[in-house]
file upload_24.cif (mmCIF, C-alpha atoms)
data_input
loop_
_atom_site.label_atom_id
_atom_site.label_comp_id
_atom_site.auth_asym_id
_atom_site.auth_seq_id
_atom_site.Cartn_x
_atom_site.Cartn_y
_atom_site.Cartn_z
CA MET A 1 -57.59 117.62 8.86
CA LYS A 2 -60.60 118.01 6.59
CA ALA A 3 -60.19 117.51 2.87
CA TYR A 4 -62.37 116.77 -0.12
CA GLU A 5 -61.74 113.77 -2.32
CA ILE A 6 -63.09 112.86 -5.72
CA GLN A 7 -63.50 109.14 -5.18
CA SER A 8 -64.60 108.13 -8.67
CA ASN A 9 -65.59 109.61 -12.02
CA ALA A 10 -69.27 109.78 -11.05
CA GLY A 11 -69.54 113.56 -11.41
CA VAL A 12 -69.97 116.17 -8.70
CA ASP A 13 -71.68 113.58 -6.49
CA ALA A 14 -68.28 111.87 -6.18
CA LEU A 15 -66.94 114.86 -4.21
CA THR A 16 -66.69 113.66 -0.60
CA LEU A 17 -65.54 115.37 2.61
CA VAL A 18 -63.06 113.12 4.45
CA ASP A 19 -60.64 113.17 7.39
CA ARG A 20 -56.96 112.77 6.57
CA PRO A 21 -53.86 112.99 8.74
CA GLN A 22 -52.31 116.45 8.61
CA PRO A 23 -49.26 116.18 6.32
CA GLN A 24 -45.77 117.12 7.49
CA PRO A 25 -43.08 118.66 5.28
CA ALA A 26 -40.00 116.59 4.40
CA ALA A 27 -36.73 118.07 3.19
CA GLY A 28 -37.36 120.75 0.59
CA GLN A 29 -41.09 120.80 1.29
CA VAL A 30 -43.47 123.38 2.75
CA LEU A 31 -46.64 123.00 4.81
CA ILE A 32 -49.36 125.42 3.73
CA LYS A 33 -52.51 126.33 5.63
CA VAL A 34 -54.92 126.76 2.73
CA ARG A 35 -57.06 129.89 2.92
CA ALA A 36 -58.85 129.81 -0.43
CA THR A 37 -59.14 127.75 -3.59
CA SER A 38 -60.75 128.39 -6.97
CA LEU A 39 -62.46 126.30 -9.60
CA ASN A 40 -61.75 125.83 -13.30
CA TYR A 41 -63.70 124.01 -16.01
CA ARG A 42 -60.97 121.40 -15.87
CA ASP A 43 -62.14 120.50 -12.36
CA LEU A 44 -65.55 119.51 -13.71
CA LEU A 45 -63.85 117.27 -16.27
CA VAL A 46 -61.89 115.58 -13.48
CA THR A 47 -65.11 114.75 -11.61
CA GLU A 48 -66.58 113.20 -14.75
CA GLY A 49 -63.57 111.14 -15.79
CA ALA A 50 -63.20 113.27 -18.91
CA TYR A 51 -59.75 114.69 -18.19
CA GLY A 52 -57.74 111.72 -19.42
CA SER A 53 -56.11 108.67 -17.90
CA GLY A 54 -53.68 110.61 -15.70
CA VAL A 55 -56.17 111.08 -12.85
CA LYS A 56 -55.81 108.48 -10.10
CA TYR A 57 -58.92 108.28 -7.89
CA PRO A 58 -59.34 109.07 -5.07
CA VAL A 59 -57.71 112.48 -5.50
CA ILE A 60 -57.93 115.77 -3.62
CA PRO A 61 -59.17 118.13 -6.35
CA LEU A 62 -58.37 121.67 -7.49
CA SER A 63 -55.13 122.99 -8.90
CA ASP A 64 -55.67 126.52 -7.62
CA GLY A 65 -55.18 127.56 -4.01
CA ALA A 66 -53.49 130.12 -1.78
CA GLY A 67 -52.53 130.21 1.88
CA ASP A 68 -49.85 130.72 4.51
CA VAL A 69 -46.58 128.89 4.98
CA VAL A 70 -46.85 127.42 8.51
CA ALA A 71 -43.88 125.00 8.54
CA VAL A 72 -40.87 124.21 6.37
CA GLY A 73 -38.69 121.16 5.94
CA GLU A 74 -34.94 120.98 6.02
CA GLY A 75 -33.18 122.97 3.31
CA VAL A 76 -36.08 125.25 2.38
CA THR A 77 -34.78 128.66 1.28
CA ARG A 78 -37.29 129.99 -1.29
CA VAL A 79 -40.01 130.78 1.26
CA LYS A 80 -40.32 131.21 5.01
CA ILE A 81 -42.98 130.76 7.69
CA GLY A 82 -45.59 133.48 7.35
CA ASP A 83 -45.23 133.96 3.60
CA ARG A 84 -48.44 134.09 1.55
CA VAL A 85 -48.12 131.70 -1.36
CA ALA A 86 -49.92 129.93 -4.19
CA GLY A 87 -49.03 126.58 -5.70
CA ILE A 88 -48.23 126.30 -9.41
CA PHE A 89 -50.42 124.09 -11.59
CA PHE A 90 -47.64 121.79 -12.79
CA GLN A 91 -45.45 121.35 -9.74
CA ASN A 92 -42.43 120.33 -11.83
CA TRP A 93 -42.73 122.93 -14.61
CA ILE A 94 -40.35 125.60 -13.35
CA TYR A 95 -39.07 126.96 -16.67
CA GLY A 96 -38.51 125.93 -20.26
CA SER A 97 -40.87 123.78 -22.29
CA LEU A 98 -43.59 121.46 -21.03
CA THR A 99 -42.64 117.76 -21.12
CA ARG A 100 -44.52 114.54 -20.53
CA GLU A 101 -42.86 114.13 -17.14
CA LYS A 102 -43.77 117.66 -16.06
CA MET A 103 -47.36 117.00 -17.11
CA LYS A 104 -47.62 114.24 -14.50
CA SER A 105 -47.26 116.83 -11.70
CA ASP A 106 -50.62 118.58 -12.19
CA LEU A 107 -52.30 119.45 -8.90
CA GLY A 108 -55.79 118.03 -8.51
CA GLY A 109 -55.26 115.46 -11.26
CA GLY A 110 -51.99 113.60 -11.42
CA ILE A 111 -51.31 114.44 -7.75
CA ASP A 112 -53.44 115.64 -4.84
CA GLY A 113 -54.61 119.22 -5.13
CA MET A 114 -55.58 122.15 -2.93
CA LEU A 115 -59.11 121.48 -1.60
CA ALA A 116 -57.89 120.63 1.92
CA GLU A 117 -57.18 122.49 5.13
CA TYR A 118 -53.44 121.80 4.78
CA VAL A 119 -51.24 120.75 1.87
CA VAL A 120 -47.55 119.97 1.50
CA LEU A 121 -45.81 121.16 -1.66
CA HIS A 122 -42.19 121.35 -2.71
CA GLN A 123 -40.67 124.81 -2.30
CA ASP A 124 -39.99 124.94 -6.05
CA GLY A 125 -43.72 124.59 -6.77
CA LEU A 126 -44.68 127.85 -5.05
CA VAL A 127 -44.91 131.54 -5.87
CA LEU A 128 -45.38 134.48 -3.52
CA LEU A 129 -48.70 136.30 -3.79
CA PRO A 130 -48.69 139.98 -4.81
CA ASP A 131 -49.05 142.00 -1.62
CA HIS A 132 -52.23 143.81 -2.67
CA LEU A 133 -54.22 140.64 -3.31
CA SER A 134 -56.41 138.78 -0.82
CA TYR A 135 -56.13 135.01 -0.47
CA CYS A 136 -59.34 134.62 -2.49
CA GLU A 137 -57.89 136.73 -5.28
CA GLY A 138 -54.54 134.94 -5.12
CA ALA A 139 -56.28 131.58 -5.38
CA THR A 140 -57.60 132.48 -8.85
CA LEU A 141 -54.17 132.88 -10.44
CA PRO A 142 -52.52 129.45 -10.98
CA CYS A 143 -54.62 128.15 -13.89
CA ALA A 144 -56.95 130.71 -15.48
CA ALA A 145 -54.76 133.79 -15.08
CA LEU A 146 -51.56 132.04 -16.12
CA THR A 147 -53.25 130.44 -19.11
CA ALA A 148 -54.40 133.86 -20.34
CA TRP A 149 -50.97 135.38 -19.69
CA HIS A 150 -49.17 132.54 -21.50
CA ALA A 151 -51.47 132.90 -24.51
CA LEU A 152 -51.43 136.66 -24.91
CA VAL A 153 -48.13 137.80 -23.43
CA THR A 154 -45.57 134.97 -23.33
CA LYS A 155 -46.52 133.45 -26.69
CA GLY A 156 -48.77 136.12 -28.19
CA ASN A 157 -46.50 139.10 -27.50
CA ILE A 158 -49.49 141.43 -27.69
CA GLY A 159 -48.94 145.16 -27.77
CA ALA A 160 -50.59 148.53 -28.25
CA GLY A 161 -52.70 148.64 -31.37
CA ASP A 162 -53.33 144.89 -31.53
CA SER A 163 -56.86 143.49 -31.46
CA VAL A 164 -58.00 140.48 -29.43
CA LEU A 165 -61.19 138.41 -29.60
CA LEU A 166 -62.32 136.71 -26.37
CA LEU A 167 -65.00 134.01 -26.33
CA GLY A 168 -67.24 134.15 -23.28
CA THR A 169 -66.76 135.66 -19.84
CA GLY A 170 -65.33 132.80 -17.76
CA GLY A 171 -62.12 132.93 -15.78
CA VAL A 172 -59.61 132.70 -18.65
CA SER A 173 -61.47 135.18 -20.85
CA ILE A 174 -61.85 137.81 -18.11
CA PHE A 175 -58.19 137.56 -17.14
CA ALA A 176 -57.35 137.85 -20.85
CA LEU A 177 -59.47 141.02 -21.01
CA GLN A 178 -57.58 142.53 -18.08
CA PHE A 179 -54.16 141.59 -19.46
CA ALA A 180 -55.05 142.80 -22.95
CA LYS A 181 -56.14 146.20 -21.67
CA ILE A 182 -52.98 146.81 -19.62
CA HIS A 183 -51.06 146.15 -22.85
CA GLY A 184 -53.12 148.70 -24.78
CA THR A 185 -55.00 146.34 -27.07
CA ARG A 186 -58.47 146.57 -28.55
CA VAL A 187 -60.76 143.83 -27.19
CA ILE A 188 -63.92 142.25 -28.61
CA VAL A 189 -65.88 139.95 -26.26
CA THR A 190 -68.65 137.48 -27.09
CA SER A 191 -71.32 136.11 -24.75
CA SER A 192 -74.94 134.95 -24.82
CA SER A 193 -75.78 137.38 -21.97
CA ASP A 194 -76.23 141.11 -22.46
CA GLU A 195 -75.73 141.56 -18.71
CA LYS A 196 -72.32 139.87 -18.87
CA LEU A 197 -71.39 141.87 -21.94
CA ALA A 198 -72.23 145.07 -20.08
CA ARG A 199 -69.92 144.01 -17.27
CA ALA A 200 -67.20 143.26 -19.80
CA LYS A 201 -67.64 146.80 -21.14
CA GLN A 202 -67.12 148.15 -17.63
CA LEU A 203 -63.81 146.28 -17.50
CA GLY A 204 -62.66 147.88 -20.73
CA ALA A 205 -64.00 145.75 -23.59
CA ASP A 206 -64.16 147.92 -26.69
CA GLU A 207 -66.86 145.97 -28.54
CA THR A 208 -69.20 143.15 -27.56
CA ILE A 209 -71.24 140.61 -29.52
CA ASN A 210 -74.20 138.58 -28.24
CA TYR A 211 -73.74 135.31 -30.14
CA LYS A 212 -77.36 134.27 -29.57
CA ILE A 213 -78.55 137.40 -31.33
CA THR A 214 -75.69 137.27 -33.85
CA PRO A 215 -74.92 133.57 -34.44
CA ASP A 216 -72.57 134.47 -37.33
CA TRP A 217 -70.40 136.41 -34.89
CA GLU A 218 -67.26 135.83 -36.94
CA LYS A 219 -68.76 138.03 -39.67
CA GLN A 220 -69.49 140.74 -37.12
CA VAL A 221 -65.87 140.56 -35.93
CA TYR A 222 -64.78 141.04 -39.54
CA THR A 223 -67.02 144.09 -39.86
CA LEU A 224 -65.75 145.59 -36.61
CA THR A 225 -62.14 145.24 -37.80
CA ASN A 226 -62.61 146.84 -41.23
CA ARG A 227 -62.72 143.39 -42.84
CA THR A 228 -59.26 142.40 -41.70
CA GLY A 229 -59.97 140.25 -38.63
CA VAL A 230 -58.43 140.34 -35.17
CA ASP A 231 -54.77 139.73 -34.43
CA HIS A 232 -55.40 137.16 -31.73
CA VAL A 233 -58.26 134.89 -30.63
CA VAL A 234 -58.40 133.30 -27.17
CA GLU A 235 -60.32 130.17 -28.15
CA VAL A 236 -61.99 128.49 -25.17
CA GLY A 237 -64.86 126.82 -27.03
CA GLY A 238 -63.08 124.02 -28.84
CA ALA A 239 -64.38 122.20 -31.89
CA GLY A 240 -67.75 123.97 -31.86
CA THR A 241 -66.27 127.46 -32.18
CA LEU A 242 -62.81 126.95 -33.68
CA PRO A 243 -63.98 127.15 -37.33
CA LYS A 244 -65.52 130.56 -36.61
CA SER A 245 -62.39 131.71 -34.79
CA LEU A 246 -60.29 130.75 -37.82
CA GLN A 247 -62.53 132.99 -39.91
CA ALA A 248 -62.43 135.87 -37.41
CA VAL A 249 -58.63 136.11 -37.16
CA CYS A 250 -56.59 138.18 -39.59
CA ILE A 251 -54.05 136.93 -42.13
CA GLY A 252 -50.93 136.01 -40.18
CA GLY A 253 -52.87 136.11 -36.90
CA ARG A 254 -52.81 133.77 -33.94
CA VAL A 255 -55.41 131.51 -32.33
CA SER A 256 -54.68 130.25 -28.82
CA LEU A 257 -56.62 127.03 -28.27
CA ILE A 258 -57.34 126.72 -24.57
CA GLY A 259 -60.66 125.05 -23.83
CA VAL A 260 -63.27 122.60 -25.06
CA LEU A 261 -66.44 124.15 -23.67
CA SER A 262 -68.39 123.43 -26.86
CA GLY A 263 -67.06 119.91 -27.37
CA ARG A 264 -64.30 118.05 -29.13
CA GLY A 265 -65.41 115.87 -32.02
CA ASN A 266 -66.24 118.12 -34.98
CA GLU A 267 -64.18 117.96 -38.15
CA ILE A 268 -62.02 121.06 -38.64
CA ASP A 269 -61.22 122.40 -42.11
CA PRO A 270 -57.46 123.16 -42.13
CA MET A 271 -57.62 125.38 -45.24
CA PRO A 272 -58.08 128.70 -43.38
CA ILE A 273 -54.94 127.93 -41.37
CA LEU A 274 -53.01 127.35 -44.60
CA PHE A 275 -54.43 130.17 -46.72
CA LYS A 276 -54.22 132.79 -43.94
CA SER A 277 -50.79 131.65 -42.64
CA LEU A 278 -52.21 131.35 -39.13
CA ALA A 279 -50.42 130.34 -35.96
CA VAL A 280 -52.68 127.99 -34.00
CA GLN A 281 -51.19 127.17 -30.63
CA GLY A 282 -52.32 124.96 -27.78
CA ILE A 283 -51.91 126.59 -24.37
CA TYR A 284 -51.70 124.34 -21.31
CA VAL A 285 -51.35 126.71 -18.31
CA GLY A 286 -47.67 127.72 -17.90
CA SER A 287 -44.43 127.50 -15.94
CA ARG A 288 -43.40 129.05 -12.63
CA GLU A 289 -41.17 131.44 -14.55
CA MET A 290 -44.23 132.72 -16.47
CA PHE A 291 -46.24 132.88 -13.23
CA GLU A 292 -43.64 135.10 -11.56
CA ALA A 293 -43.50 137.42 -14.58
CA MET A 294 -47.30 137.64 -14.54
CA ASN A 295 -47.33 138.46 -10.82
CA GLN A 296 -44.90 141.31 -11.41
CA ALA A 297 -47.32 142.81 -13.94
CA ILE A 298 -50.30 142.24 -11.64
CA ALA A 299 -48.48 144.05 -8.84
CA GLN A 300 -47.27 146.86 -11.09
CA HIS A 301 -50.77 147.58 -12.38
CA GLN A 302 -52.52 146.78 -9.06
CA LEU A 303 -54.79 144.45 -10.99
CA HIS A 304 -57.54 142.66 -9.04
CA PRO A 305 -58.99 139.35 -10.28
CA ILE A 306 -62.74 139.34 -10.91
CA ILE A 307 -64.50 136.97 -8.51
CA ASP A 308 -68.13 136.15 -9.17
CA GLN A 309 -69.00 134.26 -6.00
CA VAL A 310 -67.27 132.89 -2.89
CA PHE A 311 -68.54 129.67 -1.29
CA PRO A 312 -67.57 128.40 2.17
CA PHE A 313 -65.56 125.17 2.43
CA SER A 314 -68.67 123.35 3.64
CA GLU A 315 -70.43 124.19 0.35
CA ALA A 316 -67.76 122.96 -2.06
CA ARG A 317 -70.26 120.83 -3.96
CA GLN A 318 -72.51 123.85 -4.48
CA ALA A 319 -69.53 125.74 -5.89
CA TYR A 320 -68.98 122.97 -8.45
CA LEU A 321 -72.66 123.03 -9.42
CA TYR A 322 -72.60 126.82 -9.77
CA LEU A 323 -69.60 126.61 -12.09
CA LYS A 324 -71.34 123.89 -14.09
CA SER A 325 -74.37 126.17 -14.53
CA ALA A 326 -72.16 128.63 -16.47
CA ALA A 327 -73.86 131.52 -14.68
CA HIS A 328 -70.55 132.92 -13.45
CA PHE A 329 -68.64 135.97 -14.67
CA GLY A 330 -64.96 135.57 -13.83
CA LYS A 331 -63.95 133.17 -11.07
CA VAL A 332 -65.72 130.92 -8.54
CA VAL A 333 -63.87 130.62 -5.20
CA ILE A 334 -64.09 128.32 -2.17
CA GLU A 335 -62.89 129.96 1.04
CA LEU A 336 -61.44 127.99 3.95
CA GLY A 337 -60.66 130.91 6.25
CA ASN A 338 -60.35 134.66 6.21
CA GLY A 339 -59.77 135.25 2.51
#
call {"tool": "encode", "arguments": {"input": "upload_24.cif", "output": "structure tokens"}}
result
Amino acid sequence: MKAYEIQSNAGVDALTLVDRPQPQPAAGQVLIKVRATSLNYRDLLVTEGAYGSGVKYPVIPLSDGAGDVVAVGEGVTRVKIGDRVAGIFFQNWIYGSLTREKMKSDLGGGIDGMLAEYVVLHQDGLVLLPDHLSYCEGATLPCAALTAWHALVTKGNIGAGDSVLLLGTGGVSIFALQFAKIHGTRVIVTSSSDEKLARAKQLGADETINYKITPDWEKQVYTLTNRTGVDHVVEVGGAGTLPKSLQAVCIGGRVSLIGVLSGRGNEIDPMPILFKSLAVQGIYVGSREMFEAMNQAIAQHQLHPIIDQVFPFSEARQAYLYLKSAAHFGKVVIELGNG
């Protein structure tokens, strides 16, 4: 079978198409014909050796993928041949809290991921796709969607009347916009692109801020919320934006720290956290239990993920470069078959 490997930490150039034997499922395992995969910023970090010491090269990349069950090993009862499924990000995080051992089961990092024609996963590391979603749409769910759901719903417990600030218009932020709106919350979105902000408005954003035009966007957030601040910030920027997010959130509010798009190394003043009694939480994807709850909501509301562009399997490297350009709105997908 054809698969892509990241053979070193030399960046996107280290992504190489290779031939591998088609895997076969052992007891408790499932063979999946992969139909579509999707990219996350984390996948760029893996190519550059910036994701930590847990990545063992060469590795098949990408945590996110969807396809058909085409064979099952002995004792498999959770799925059957013909089911449409997606793998979960941490294959061993079924429920409960994340542990160090569960963290070692991350697809496309600690273990081989989804950018291959066929993959074998344990039956416990799978969820069924909502019936109304295509494979391409289903492939966007395991990381970005679940991260947004974990932040806002599982931990954030958002509800009608709450206000949410979203930084940017990448995969996590756009899923967060969709989840926030089905829960009746007011949403403020930032971006450097008026075109992207207009698209966010079409998806239900209540207010938007162009941070190039308004670099002190945290002050604008304060103005838009009658000088109280938002209830929840989905913080994908990291050290470069976190100080502003701490200013933009209300007293007793919550900041979900998810990404490091603006870097890591800046010194952070802890006083706003103390004086405003803030909850600052790190969100690292989520469990299968959370994934299944999210899928129920997606099915109930007939929600469709927002896909910016779909690349064929043969153009996987171009998909990485497009994601790196930050031109996307929503998700970037690589399709292996009829998605």
call {"tool": "closest_residue", "arguments": {"input": "upload_24.cif", "among": "A:Val310, A:Ala148, A:Val172, A:Val249", "to": "Met294 in chain A", "atoms": "only C-alpha atoms"}}
result
A:Ala148
call {"tool": "closest_residue", "arguments": {"input": "upload_24.cif", "among": "A:Ala326, A:Leu278, A:Val236, A:Val55", "to": "Ser105 in chain A", "atoms": "all atoms listed in the file"}}
result
A:Val55
call {"tool": "resolve_selection", "arguments": {"input": "upload_24.cif", "expression": "the PyMOL selection byres ((chain A and resi 253) around 9)", "output": "PyMOL selection string"}}
result
chain A and resi 229-233+249-252+254-255+276-280
call {"tool": "atom_distance", "arguments": {"input": "upload_24.cif", "atom1": "CA of Ser287 in chain A", "atom2": "CA of Leu203 in chain A"}}
result
27.0 Å
call {"tool": "atom_distance", "arguments": {"input": "upload_24.cif", "atom1": "CA of Lys181 in chain A", "atom2": "CA of Arg199 in chain A"}}
result
14.6 Å
call {"tool": "atom_distance", "arguments": {"input": "upload_24.cif", "atom1": "CA of Leu107 in chain A", "atom2": "CA of Ile88 in chain A"}}
result
8.0 Å
call {"tool": "closest_residue", "arguments": {"input": "upload_24.cif", "among": "A:Ile298, A:Ile307, A:Ala319, A:Val234", "to": "His150 in chain A", "atoms": "only C-alpha atoms"}}
result
A:Val234
call {"tool": "build_atoms", "arguments": {"input": "upload_24.cif", "residues": "range 276-300 of chain A", "atoms": "N, CA and C atoms", "output": "mmCIF file, in the coordinates of the input"}}
result
data_model
loop_
_atom_site.group_PDB
_atom_site.id
_atom_site.type_symbol
_atom_site.label_atom_id
_atom_site.label_comp_id
_atom_site.auth_asym_id
_atom_site.auth_seq_id
_atom_site.Cartn_x
_atom_site.Cartn_y
_atom_site.Cartn_z
ATOM 1 N N LYS A 276 -54.422 131.541 -44.688
ATOM 2 C CA LYS A 276 -54.220 132.790 -43.940
ATOM 3 C C LYS A 276 -52.898 132.795 -43.164
ATOM 4 N N SER A 277 -52.096 131.738 -43.335
ATOM 5 C CA SER A 277 -50.790 131.650 -42.640
ATOM 6 C C SER A 277 -50.941 131.874 -41.145
ATOM 7 N N LEU A 278 -51.895 131.154 -40.543
ATOM 8 C CA LEU A 278 -52.210 131.350 -39.130
ATOM 9 C C LEU A 278 -51.279 130.555 -38.228
ATOM 10 N N ALA A 279 -51.067 131.077 -37.042
ATOM 11 C CA ALA A 279 -50.420 130.340 -35.960
ATOM 12 C C ALA A 279 -51.512 129.870 -35.015
ATOM 13 N N VAL A 280 -51.706 128.568 -34.924
ATOM 14 C CA VAL A 280 -52.680 127.990 -34.000
ATOM 15 C C VAL A 280 -51.903 127.248 -32.929
ATOM 16 N N GLN A 281 -52.013 127.709 -31.709
ATOM 17 C CA GLN A 281 -51.190 127.170 -30.630
ATOM 18 C C GLN A 281 -52.067 126.628 -29.502
ATOM 19 N N GLY A 282 -51.689 125.473 -28.982
ATOM 20 C CA GLY A 282 -52.320 124.960 -27.780
ATOM 21 C C GLY A 282 -51.639 125.555 -26.562
ATOM 22 N N ILE A 283 -52.435 125.985 -25.603
ATOM 23 C CA ILE A 283 -51.910 126.590 -24.370
ATOM 24 C C ILE A 283 -52.362 125.742 -23.188
ATOM 25 N N TYR A 284 -51.387 125.204 -22.452
ATOM 26 C CA TYR A 284 -51.700 124.340 -21.310
ATOM 27 C C TYR A 284 -51.067 124.976 -20.068
ATOM 28 N N VAL A 285 -51.760 125.943 -19.498
ATOM 29 C CA VAL A 285 -51.350 126.710 -18.310
ATOM 30 C C VAL A 285 -49.975 127.335 -18.566
ATOM 31 N N GLY A 286 -48.960 127.086 -17.723
ATOM 32 C CA GLY A 286 -47.670 127.720 -17.900
ATOM 33 C C GLY A 286 -46.709 127.343 -16.791
ATOM 34 N N SER A 287 -45.492 127.847 -16.886
ATOM 35 C CA SER A 287 -44.430 127.500 -15.940
ATOM 36 C C SER A 287 -44.385 128.478 -14.769
ATOM 37 N N ARG A 288 -43.586 128.131 -13.755
ATOM 38 C CA ARG A 288 -43.400 129.050 -12.630
ATOM 39 C C ARG A 288 -42.743 130.344 -13.096
ATOM 40 N N GLU A 289 -41.831 130.246 -14.026
ATOM 41 C CA GLU A 289 -41.170 131.440 -14.550
ATOM 42 C C GLU A 289 -42.198 132.406 -15.148
ATOM 43 N N MET A 290 -43.153 131.884 -15.916
ATOM 44 C CA MET A 290 -44.230 132.720 -16.470
ATOM 45 C C MET A 290 -45.096 133.294 -15.355
ATOM 46 N N PHE A 291 -45.388 132.469 -14.350
ATOM 47 C CA PHE A 291 -46.240 132.880 -13.230
ATOM 48 C C PHE A 291 -45.600 134.073 -12.512
ATOM 49 N N GLU A 292 -44.313 134.017 -12.272
ATOM 50 C CA GLU A 292 -43.640 135.100 -11.560
ATOM 51 C C GLU A 292 -43.609 136.376 -12.390
ATOM 52 N N ALA A 293 -43.443 136.244 -13.711
ATOM 53 C CA ALA A 293 -43.500 137.420 -14.580
ATOM 54 C C ALA A 293 -44.902 138.025 -14.567
ATOM 55 N N MET A 294 -45.923 137.170 -14.596
ATOM 56 C CA MET A 294 -47.300 137.640 -14.540
ATOM 57 C C MET A 294 -47.572 138.373 -13.225
ATOM 58 N N ASN A 295 -47.102 137.824 -12.114
ATOM 59 C CA ASN A 295 -47.330 138.460 -10.820
ATOM 60 C C ASN A 295 -46.676 139.830 -10.738
ATOM 61 N N GLN A 296 -45.534 140.000 -11.383
ATOM 62 C CA GLN A 296 -44.900 141.310 -11.410
ATOM 63 C C GLN A 296 -45.804 142.329 -12.105
ATOM 64 N N ALA A 297 -46.416 141.913 -13.221
ATOM 65 C CA ALA A 297 -47.320 142.810 -13.940
ATOM 66 C C ALA A 297 -48.582 143.090 -13.132
ATOM 67 N N ILE A 298 -49.111 142.054 -12.473
ATOM 68 C CA ILE A 298 -50.300 142.240 -11.640
ATOM 69 C C ILE A 298 -50.017 143.235 -10.530
ATOM 70 N N ALA A 299 -48.848 143.116 -9.908
ATOM 71 C CA ALA A 299 -48.480 144.050 -8.840
ATOM 72 C C ALA A 299 -48.253 145.453 -9.377
ATOM 73 N N GLN A 300 -47.575 145.554 -10.506
ATOM 74 C CA GLN A 300 -47.270 146.860 -11.090
ATOM 75 C C GLN A 300 -48.544 147.635 -11.413
#
